[in-house]
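I have placed the structure first, in the form of structure tokens, so that the comments after it can refer back to it.
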Amino acid sequence: MYLAIKHLHITCVALSLAGFLLRGLWMCADSPLLYASLTRRLPHIVDALLLGSAIALAVMSGQAPFVQAWLTAKVAGLLVYIVLGALALRPGRPKPVRRGAFGAALVSFAYIV
């Protein structure tokens with residue numbers, strides 16, 4: 001079961017990154033696809049599976065944040081990624097700020113991985 005959940009987790013990581021990159025490109029190009037219903041909902045489903053599988057893996061392996069330093073670092077990186085991703089993809093901020101937040105979010109994603 002652990003191996004199946006691990007594969008689900010890795011697949012969700014790849015899907016989450018691909019979706020974020022695509023939405024970032026659409027943001028830079030001012031594409032209306034960024035605001036489509038599926039574009040707004042699908043990332044939440046993928047990210048919920050990603051988080052659920054991460055929690056399952058942590059429980060199955062007996063590891064917990066604030067006990068294992070590496071897992072605490074991943075959780076902190078995730079929080080940074082969420083904030084930066086929200087700044088990058090939500091309208092209302094100047095385009096240079098959104099692009100900078102997008103780049104920084106990608107750096108935090110790489111840190112997490």
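In the structure tokens, chains take the letters A, B, ... in the order shown, each chain's residues start at 1, and ligands count up from 1 in the order shown.
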Give me the residues within 7 Å of range 21-35 of chain A as a list in words, counting only C-alpha atoms and dropping any in the same chain fewer than 5 places off.
Arg40, Leu89 and Phe102 of chain A
Just want the 8 Å neighbourhood of range 1-14 of chain A, counted on only C-alpha atoms, with same-chain residues fewer than 4 positions away dropped. Output as a list in words.
Ala18, Val46, Asp47, Leu49, Leu50, Ser53, Ala54, Ala56, Leu57 and Met60 of chain A
Please produce a file of the residues just selected, as a short mmCIF file (atom, residue, chain, number, x, y, z; two decimals), in the first residue's frame, where the atoms kept are N, CA and C atoms.
```cif
data_model
loop_
_atom_site.label_atom_id
_atom_site.label_comp_id
_atom_site.auth_asym_id
_atom_site.auth_seq_id
_atom_site.Cartn_x
_atom_site.Cartn_y
_atom_site.Cartn_z
N ALA A 18 2.92 20.87 -13.38
CA ALA A 18 2.51 21.12 -14.76
C ALA A 18 1.35 22.12 -14.80
N VAL A 46 -6.24 18.14 -7.43
CA VAL A 46 -4.89 17.57 -7.49
C VAL A 46 -4.14 17.86 -6.19
N ASP A 47 -4.22 19.09 -5.71
CA ASP A 47 -3.49 19.45 -4.49
C ASP A 47 -4.05 18.77 -3.25
N LEU A 49 -5.38 15.72 -3.27
CA LEU A 49 -4.81 14.37 -3.36
C LEU A 49 -3.33 14.37 -2.97
N LEU A 50 -2.63 15.40 -3.39
CA LEU A 50 -1.20 15.52 -3.06
C LEU A 50 -1.00 15.63 -1.55
N SER A 53 -2.09 12.30 0.21
CA SER A 53 -1.09 11.24 0.06
C SER A 53 0.16 11.53 0.89
N ALA A 54 0.53 12.80 1.01
CA ALA A 54 1.68 13.17 1.85
C ALA A 54 1.42 12.84 3.32
N ALA A 56 -0.72 10.60 4.42
CA ALA A 56 -0.75 9.13 4.53
C ALA A 56 0.66 8.55 4.59
N LEU A 57 1.55 9.06 3.75
CA LEU A 57 2.93 8.57 3.76
C LEU A 57 3.62 8.88 5.08
N MET A 60 2.14 6.49 7.69
CA MET A 60 2.59 5.11 7.46
C MET A 60 4.06 4.91 7.83
#
```
Atomic distance CA of Ala69 in chain A - CA of Val113 in chain A, expressed in Å with one decimal:
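So the answer is 14.8 Å.
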Polymer residues at most 10 Å from Tyr81 in chain A, only C-alpha atoms, same-chain spacing of 5 or more positions, as a PyMOL selection string
chain A and resi 75-76+86-87+101-102+104-112
Mind dumping the selected residues with C-alpha atoms as a short mmCIF file (atom, residue, chain, number, x, y, z; two decimals), in the first residue's frame?
```cif
data_model
loop_
_atom_site.label_atom_id
_atom_site.label_comp_id
_atom_site.auth_asym_id
_atom_site.auth_seq_id
_atom_site.Cartn_x
_atom_site.Cartn_y
_atom_site.Cartn_z
CA VAL A 75 5.81 22.06 5.39
CA ALA A 76 7.38 25.52 5.72
CA ALA A 86 -1.74 32.93 -4.68
CA LEU A 87 0.06 36.24 -5.28
CA ALA A 101 5.88 35.81 -7.23
CA PHE A 102 5.51 33.13 -9.92
CA ALA A 104 9.72 32.68 -6.44
CA ALA A 105 6.94 30.09 -6.14
CA LEU A 106 8.79 27.87 -8.62
CA VAL A 107 11.95 28.21 -6.52
CA SER A 108 10.03 27.21 -3.40
CA PHE A 109 8.50 24.26 -5.29
CA ALA A 110 11.99 23.11 -6.24
CA TYR A 111 13.06 23.47 -2.60
CA ILE A 112 10.17 21.28 -1.46
#
```
Taking the DSSP secondary structure from the backbone, can you list the residues of range 66-102 of chain A that are helix (DSSP H, G or I), as a list in words?
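Answer for range 66-102 of chain A restricted to helix (DSSP H, G or I) is Ala69, Trp70, Leu71, Thr72, Ala73, Lys74, Val75, Ala76, Gly77, Leu78, Leu79, Val80, Tyr81, Ile82, Val83, Leu84, Gly85, Ala86, Leu87, Ala88, Leu89, Lys95, Pro96, Val97, Arg98, Arg99, Gly100, Ala101 and Phe102 of chain A.
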Just give me the gap between CA of Arg99 in chain A and CA of Ser37 in chain A in Å, one decimal is fine.
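So the two atoms, CA of Arg99 in chain A and CA of Ser37 in chain A, lie 22.5 Å apart.
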Coordinates-based distance that separates CA of Leu17 in chain A from CA of Lys95 in chain A (Å, one decimal):
20.9 Å
With only C-alpha atoms as the basis for distance, which of A:Ala73, A:Leu51, A:Leu84, A:Leu42 is at the shortest distance from Gly19 in chain A?
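Ranked by minimum distance to Gly19 in chain A, first place goes to A:Leu42.
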